[in-house]
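*Asks:* What follows is a structure written as structure tokens; I'll ask about it next.
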Amino acid sequence: MMETRLKIALQKSGRLYDDSVSILKECGIELQNGVNKLLNEAVNFPLQILFLRDDDIPQYVQDGVADIGIIGENIVYETNKDVQIIDKLGFGKCRLSVAVPRNENYKSVDFLKHKKIATSYPFLLKNFLNENQVDAEIHEISGSVEITTGVGLADAICDLVSSGSTLFSNGLKETEVILNSEAVLISNQTISIEKKLLLDKLLFRIQAVKKSKKHKYILLNVPDSNLETVCNIIPGMKSPTILPLGVEGWSSLHSVVHEDDFWNVIESLKANGAEGILIIPIEKMIL
Ligand code: ATP
Ligand code: ZN
């Protein structure tokens, strides 16, 4: 009998490709070397990888041609297929926004009434307009949405934005955020028990990788008189590790800090007499 394999669909090229392949790598999953650009087989995990256009991934996963996939939330909601989002992956962050020419006097969504809006996201835009009771004309195009106002094809656009530099260089300003998006792991609604076990194994690894990226290992020296205060600043996973230093009255403290409050933590550690602070990346984190 053939061994059960999980099938994952990834974007074959584009903005999500590198991070999708790296997350598998960080999960210890190694792909075969350049045999086939569209279909690959992991060498050390029962996983087959299908490389597709991102827009096609929800359909493949819905139909069970792939069991799972990595894709932007924007595509999941726009294609509106029957798939399940099982985890957010923390990369491919962007937002779907409305933008208008910079010189327009935009005050509210009412500006968009009876205007022509160019987008590759007609479904999400339509929902947004309906929710706001705005009647407008949606002009669906598949690419280069940002140039449409400049050439007189549309009065406004609805497109993905990350830094905003593309909008800026096309003389546009962002006026509404319709959706915040990042890459997610999606799954077919009904996967077999054997495949579910493999998926859980993969998810366990993904979570360890994600957690490790959000944390840093920290080592520092602190006078014993300030030890308690410093321990309260960095409580660590269970509690910090404390080792006596060779010098009387000093200890070395090891702990884990979260990236969100990283710089605030460092500042208050210094204010409390911590010295020789070392910050080390964590490769995997299993709680
Ligand atoms: P494909 O050839 O696979 O259809 P594409 O051109 O539709 O590719 P990309 O531009 O590679 O798609 O973007 C893939 C995804 O990356 C988007 O759907 C979105 O989730 C995410 N993304 C992150 N930042 C941005 C951005 N600034 N512009 C567009 N997409 C972004
Ligand atoms: Zn696409």
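Quick note on naming: the chains in the structure tokens go A, B, ... in the order shown, residues restart at 1 in each chain, and ligands are numbered from 1 in order of appearance.
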When the cut-off is 7 Å and you count only C-alpha atoms and all ligand atoms, which residues lie near ligand 1, shown as a PyMOL selection string?
*Replies:* chain A and resi 11-16+52-55+71-75+92-94+160-163+181-183
*Asks:* Mind running region 3-89 of chain A against region 188-202 of chain A at 8 Å and telling me each contacting residue's nearest atom pair with the distance in Å (one decimal), counting only C-alpha atoms, chain and number ascending, as a tab-separated table?
*Replies:*
```
residue	atom	partner	partner_atom	distance
A:Thr4	CA	A:Glu194	CA	6.9
A:Arg5	CA	A:Lys195	CA	7.0
A:Leu6	CA	A:Lys195	CA	5.9
A:Cys27	CA	A:Leu202	CA	7.5
A:Pro46	CA	A:Leu198	CA	7.8
A:Val61	CA	A:Asn188	CA	5.3
A:Gln62	CA	A:Asn188	CA	5.4
A:Asp63	CA	A:Asn188	CA	7.5
A:Gly64	CA	A:Asn188	CA	6.1
A:Ala66	CA	A:Asn188	CA	7.7
A:Asp67	CA	A:Asn188	CA	5.3
A:Ile68	CA	A:Asn188	CA	6.2
A:Asp82	CA	A:Gln189	CA	7.2
A:Val83	CA	A:Asn188	CA	5.3
A:Gln84	CA	A:Gln189	CA	6.1
```
*Asks:* Residues of the last selection are to be written out with N, CA and C atoms, as a PDB file, in the first residue's frame.
*Replies:*
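Final output, out_15.pdb:
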```pdb
ATOM      1  N   THR A   4       0.449   7.298   2.944  1.00  0.00           N
ATOM      2  CA  THR A   4      -0.362   8.510   2.824  1.00  0.00           C
ATOM      3  C   THR A   4       0.544   9.737   2.771  1.00  0.00           C
ATOM      4  N   ARG A   5       0.249  10.614   1.831  1.00  0.00           N
ATOM      5  CA  ARG A   5       0.995  11.869   1.753  1.00  0.00           C
ATOM      6  C   ARG A   5       0.020  13.026   1.799  1.00  0.00           C
ATOM      7  N   LEU A   6       0.477  14.091   2.402  1.00  0.00           N
ATOM      8  CA  LEU A   6      -0.314  15.307   2.433  1.00  0.00           C
ATOM      9  C   LEU A   6       0.066  16.104   1.190  1.00  0.00           C
ATOM     10  N   CYS A  27      10.547  24.230   9.038  1.00  0.00           N
ATOM     11  CA  CYS A  27       9.876  23.099   9.691  1.00  0.00           C
ATOM     12  C   CYS A  27      10.672  21.815   9.467  1.00  0.00           C
ATOM     13  N   PRO A  46       6.162  13.065   4.534  1.00  0.00           N
ATOM     14  CA  PRO A  46       5.224  12.610   3.500  1.00  0.00           C
ATOM     15  C   PRO A  46       4.381  13.765   2.950  1.00  0.00           C
ATOM     16  N   VAL A  61      -7.889  23.397  -3.382  1.00  0.00           N
ATOM     17  CA  VAL A  61      -8.041  22.902  -2.013  1.00  0.00           C
ATOM     18  C   VAL A  61      -9.504  22.533  -1.750  1.00  0.00           C
ATOM     19  N   GLN A  62     -10.418  23.326  -2.255  1.00  0.00           N
ATOM     20  CA  GLN A  62     -11.840  22.997  -2.105  1.00  0.00           C
ATOM     21  C   GLN A  62     -12.145  21.630  -2.725  1.00  0.00           C
ATOM     22  N   ASP A  63     -11.593  21.401  -3.915  1.00  0.00           N
ATOM     23  CA  ASP A  63     -11.877  20.162  -4.634  1.00  0.00           C
ATOM     24  C   ASP A  63     -11.070  18.974  -4.136  1.00  0.00           C
ATOM     25  N   GLY A  64     -10.129  19.228  -3.233  1.00  0.00           N
ATOM     26  CA  GLY A  64      -9.347  18.128  -2.686  1.00  0.00           C
ATOM     27  C   GLY A  64      -8.200  17.679  -3.581  1.00  0.00           C
ATOM     28  N   ALA A  66      -5.578  19.422  -3.815  1.00  0.00           N
ATOM     29  CA  ALA A  66      -4.574  19.629  -2.761  1.00  0.00           C
ATOM     30  C   ALA A  66      -5.338  19.567  -1.438  1.00  0.00           C
ATOM     31  N   ASP A  67      -4.676  19.089  -0.383  1.00  0.00           N
ATOM     32  CA  ASP A  67      -5.352  19.018   0.919  1.00  0.00           C
ATOM     33  C   ASP A  67      -5.285  20.354   1.642  1.00  0.00           C
ATOM     34  N   ILE A  68      -4.126  21.007   1.479  1.00  0.00           N
ATOM     35  CA  ILE A  68      -3.908  22.282   2.150  1.00  0.00           C
ATOM     36  C   ILE A  68      -3.209  23.241   1.186  1.00  0.00           C
ATOM     37  N   ASP A  82     -15.135  27.030  -0.563  1.00  0.00           N
ATOM     38  CA  ASP A  82     -15.423  26.355   0.688  1.00  0.00           C
ATOM     39  C   ASP A  82     -14.147  25.708   1.242  1.00  0.00           C
ATOM     40  N   VAL A  83     -13.309  26.517   1.865  1.00  0.00           N
ATOM     41  CA  VAL A  83     -12.077  26.024   2.479  1.00  0.00           C
ATOM     42  C   VAL A  83     -12.001  26.588   3.887  1.00  0.00           C
ATOM     43  N   GLN A  84     -11.123  25.997   4.674  1.00  0.00           N
ATOM     44  CA  GLN A  84     -11.014  26.390   6.071  1.00  0.00           C
ATOM     45  C   GLN A  84      -9.665  27.063   6.312  1.00  0.00           C
TER      46      GLN A  84
END
```
*Asks:* Report as a PyMOL selection string: the residues of region 217-259 of chain A with a DSSP assignment of strand (DSSP E), based on the backbone of this structure.
*Replies:* chain A and resi 217-223+241-244+250-258
*Asks:* Could you turn the residues from that selection into a file that holds N, CA and C atoms, as a PDB file, in the first residue's frame?
*Replies:*
```pdb
ATOM      1  N   TYR A 217      16.140  35.061  22.913  1.00  0.00           N
ATOM      2  CA  TYR A 217      16.780  34.596  24.139  1.00  0.00           C
ATOM      3  C   TYR A 217      17.640  35.741  24.646  1.00  0.00           C
ATOM      4  N   ILE A 218      17.587  36.005  25.943  1.00  0.00           N
ATOM      5  CA  ILE A 218      18.332  37.134  26.488  1.00  0.00           C
ATOM      6  C   ILE A 218      19.207  36.692  27.657  1.00  0.00           C
ATOM      7  N   LEU A 219      20.457  37.155  27.663  1.00  0.00           N
ATOM      8  CA  LEU A 219      21.384  36.888  28.771  1.00  0.00           C
ATOM      9  C   LEU A 219      21.882  38.230  29.282  1.00  0.00           C
ATOM     10  N   LEU A 220      22.000  38.369  30.571  1.00  0.00           N
ATOM     11  CA  LEU A 220      22.521  39.627  31.111  1.00  0.00           C
ATOM     12  C   LEU A 220      23.124  39.419  32.491  1.00  0.00           C
ATOM     13  N   ASN A 221      23.910  40.392  32.898  1.00  0.00           N
ATOM     14  CA  ASN A 221      24.472  40.391  34.251  1.00  0.00           C
ATOM     15  C   ASN A 221      23.761  41.451  35.070  1.00  0.00           C
ATOM     16  N   VAL A 222      23.519  41.128  36.341  1.00  0.00           N
ATOM     17  CA  VAL A 222      22.788  42.082  37.171  1.00  0.00           C
ATOM     18  C   VAL A 222      23.287  41.998  38.621  1.00  0.00           C
ATOM     19  N   PRO A 223      23.390  43.154  39.291  1.00  0.00           N
ATOM     20  CA  PRO A 223      23.771  43.099  40.714  1.00  0.00           C
ATOM     21  C   PRO A 223      22.679  42.375  41.511  1.00  0.00           C
ATOM     22  N   THR A 241      16.458  31.696  34.370  1.00  0.00           N
ATOM     23  CA  THR A 241      17.567  30.929  34.936  1.00  0.00           C
ATOM     24  C   THR A 241      18.530  31.911  35.578  1.00  0.00           C
ATOM     25  N   ILE A 242      18.914  31.655  36.827  1.00  0.00           N
ATOM     26  CA  ILE A 242      19.852  32.561  37.499  1.00  0.00           C
ATOM     27  C   ILE A 242      21.100  31.793  37.899  1.00  0.00           C
ATOM     28  N   LEU A 243      22.264  32.312  37.466  1.00  0.00           N
ATOM     29  CA  LEU A 243      23.536  31.659  37.798  1.00  0.00           C
ATOM     30  C   LEU A 243      24.429  32.674  38.506  1.00  0.00           C
ATOM     31  N   PRO A 244      25.156  32.254  39.544  1.00  0.00           N
ATOM     32  CA  PRO A 244      26.053  33.205  40.198  1.00  0.00           C
ATOM     33  C   PRO A 244      27.225  33.545  39.271  1.00  0.00           C
ATOM     34  N   TRP A 250      27.054  39.573  42.069  1.00  0.00           N
ATOM     35  CA  TRP A 250      26.468  39.666  40.727  1.00  0.00           C
ATOM     36  C   TRP A 250      25.943  38.306  40.276  1.00  0.00           C
ATOM     37  N   SER A 251      24.886  38.341  39.454  1.00  0.00           N
ATOM     38  CA  SER A 251      24.370  37.104  38.877  1.00  0.00           C
ATOM     39  C   SER A 251      24.197  37.271  37.377  1.00  0.00           C
ATOM     40  N   SER A 252      24.181  36.116  36.705  1.00  0.00           N
ATOM     41  CA  SER A 252      23.862  36.104  35.282  1.00  0.00           C
ATOM     42  C   SER A 252      22.438  35.567  35.171  1.00  0.00           C
ATOM     43  N   LEU A 253      21.657  36.212  34.321  1.00  0.00           N
ATOM     44  CA  LEU A 253      20.247  35.828  34.211  1.00  0.00           C
ATOM     45  C   LEU A 253      19.927  35.496  32.751  1.00  0.00           C
ATOM     46  N   HIS A 254      19.252  34.376  32.541  1.00  0.00           N
ATOM     47  CA  HIS A 254      18.874  33.950  31.183  1.00  0.00           C
ATOM     48  C   HIS A 254      17.355  33.887  31.100  1.00  0.00           C
ATOM     49  N   SER A 255      16.811  34.426  30.021  1.00  0.00           N
ATOM     50  CA  SER A 255      15.351  34.368  29.890  1.00  0.00           C
ATOM     51  C   SER A 255      14.941  34.527  28.436  1.00  0.00           C
ATOM     52  N   VAL A 256      13.627  34.662  28.207  1.00  0.00           N
ATOM     53  CA  VAL A 256      13.090  34.805  26.858  1.00  0.00           C
ATOM     54  C   VAL A 256      12.218  36.063  26.835  1.00  0.00           C
ATOM     55  N   VAL A 257      12.405  36.894  25.819  1.00  0.00           N
ATOM     56  CA  VAL A 257      11.555  38.089  25.723  1.00  0.00           C
ATOM     57  C   VAL A 257      10.777  38.092  24.403  1.00  0.00           C
ATOM     58  N   HIS A 258       9.625  38.715  24.455  1.00  0.00           N
ATOM     59  CA  HIS A 258       8.747  38.810  23.286  1.00  0.00           C
ATOM     60  C   HIS A 258       9.151  40.024  22.459  1.00  0.00           C
TER      61      HIS A 258
END
```
*Asks:* Taking the chain letters and numbering used in this document, name the residues of region 51-168 of chain A that DSSP puts in alpha helix (DSSP H), as JSON, numbers by chain.
*Replies:* {"A": [57, 58, 59, 60, 61, 62, 63, 73, 74, 75, 76, 77, 78, 79, 122, 123, 124, 125, 126, 127, 128, 129, 130, 131, 165, 166, 167, 168]}
*Asks:* Within 10 Å of region 101-106 of chain A, counting only C-alpha atoms, which residues show up once you throw out same-chain ones fewer than 3 positions away? Write them as a list in words, please.
*Replies:*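 In the requested format, the answer is Val109, Asp110, Phe111, Leu112, Thr149, Gly150, Asp155, Ala156, Ile157, Leu167, Phe168, Asn170, Gly171, Leu172, Lys173, Glu174 and Thr175 of chain A.
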*Asks:* Next, write the just-selected residues to a file, as a tab-separated table (two decimals), in the first residue's frame, keeping N, CA and C atoms as the atom set.
*Replies:*
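Saved as part.tsv:
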```
chain	number	residue	atom	x	y	z
A	109	VAL	N	-16.92	57.66	2.43
A	109	VAL	CA	-17.23	56.72	1.33
A	109	VAL	C	-18.23	57.29	0.35
A	110	ASP	N	-19.01	58.26	0.79
A	110	ASP	CA	-19.98	58.88	-0.11
A	110	ASP	C	-19.33	59.44	-1.37
A	111	PHE	N	-18.05	59.76	-1.25
A	111	PHE	CA	-17.29	60.23	-2.41
A	111	PHE	C	-17.41	59.24	-3.58
A	112	LEU	N	-17.50	57.95	-3.21
A	112	LEU	CA	-17.46	56.91	-4.25
A	112	LEU	C	-18.80	56.73	-4.98
A	149	THR	N	-6.52	55.45	-12.87
A	149	THR	CA	-7.06	56.80	-12.67
A	149	THR	C	-6.28	57.79	-13.53
A	150	GLY	N	-4.97	57.57	-13.61
A	150	GLY	CA	-4.12	58.46	-14.40
A	150	GLY	C	-4.49	58.50	-15.87
A	155	ASP	N	-12.23	56.50	-11.55
A	155	ASP	CA	-12.15	57.65	-10.62
A	155	ASP	C	-11.45	57.27	-9.33
A	156	ALA	N	-11.45	55.97	-9.05
A	156	ALA	CA	-10.83	55.48	-7.82
A	156	ALA	C	-10.37	54.06	-8.08
A	157	ILE	N	-9.54	53.53	-7.18
A	157	ILE	CA	-9.12	52.14	-7.32
A	157	ILE	C	-9.30	51.41	-5.99
A	167	LEU	N	1.16	53.51	-4.63
A	167	LEU	CA	0.09	54.50	-4.67
A	167	LEU	C	0.69	55.88	-4.84
A	168	PHE	N	1.68	56.15	-4.00
A	168	PHE	CA	2.30	57.47	-4.00
A	168	PHE	C	2.85	57.83	-5.38
A	170	ASN	N	1.95	56.88	-8.12
A	170	ASN	CA	0.92	57.04	-9.14
A	170	ASN	C	-0.05	58.17	-8.78
A	171	GLY	N	0.37	59.01	-7.86
A	171	GLY	CA	-0.43	60.19	-7.53
A	171	GLY	C	-1.71	59.88	-6.77
A	172	LEU	N	-1.72	58.76	-6.03
A	172	LEU	CA	-2.94	58.35	-5.33
A	172	LEU	C	-2.78	58.47	-3.82
A	173	LYS	N	-3.90	58.58	-3.11
A	173	LYS	CA	-3.86	58.51	-1.65
A	173	LYS	C	-4.86	57.46	-1.18
A	174	GLU	N	-4.48	56.76	-0.12
A	174	GLU	CA	-5.29	55.67	0.43
A	174	GLU	C	-6.39	56.29	1.29
A	175	THR	N	-7.65	55.89	1.05
A	175	THR	CA	-8.72	56.54	1.81
A	175	THR	C	-9.56	55.56	2.65
```
*Asks:* Kindly give the distance, in Å, that separates CA of Ile86 (chain A) and CA of Leu31 (chain A), rounded to a single decimal.
*Replies:*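 Going from CA of Ile86 (chain A) over to CA of Leu31 (chain A) covers 22.9 Å.
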*Asks:* Point out the residue among A:Val265, A:Cys158, A:Ile23, A:Leu38 with the least atom-to-atom distance to Arg95 (chain A), counting only C-alpha atoms.
*Replies:*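 So, comparing all the options, the nearest one is A:Cys158.
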*Asks:* CA of Ile70 (chain A) and CA of Asp18 (chain A), how far apart in Å?
*Replies:*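 A separation of 11.6 Å between them.
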*Asks:* Do you know which residues are at most 7 Å from Ile85 (chain A) counting only C-alpha atoms, after dropping those on the same chain fewer than 3 positions away, and could you put them as a list in words?
*Replies:*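 Close residues of Ile85 (chain A): Val184, Leu185, Ile186 and Ser187 of chain A.
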*Asks:* Create the file for the chosen residues now, containing N, CA, C and O atoms and written as a tab-separated table (two decimals), in the first residue's frame.
*Replies:*
```tsv
chain	number	residue	atom	x	y	z
A	184	VAL	N	-2.06	32.74	4.89
A	184	VAL	CA	-2.68	31.78	5.80
A	184	VAL	C	-2.53	30.37	5.26
A	184	VAL	O	-2.31	30.17	4.06
A	185	LEU	N	-2.66	29.41	6.17
A	185	LEU	CA	-2.70	28.01	5.76
A	185	LEU	C	-4.17	27.64	5.66
A	185	LEU	O	-4.92	27.81	6.62
A	186	ILE	N	-4.58	27.18	4.48
A	186	ILE	CA	-5.97	26.75	4.33
A	186	ILE	C	-6.03	25.25	4.15
A	186	ILE	O	-5.04	24.62	3.76
A	187	SER	N	-7.20	24.69	4.46
A	187	SER	CA	-7.34	23.25	4.33
A	187	SER	C	-8.68	22.89	3.72
A	187	SER	O	-9.65	23.65	3.81
```
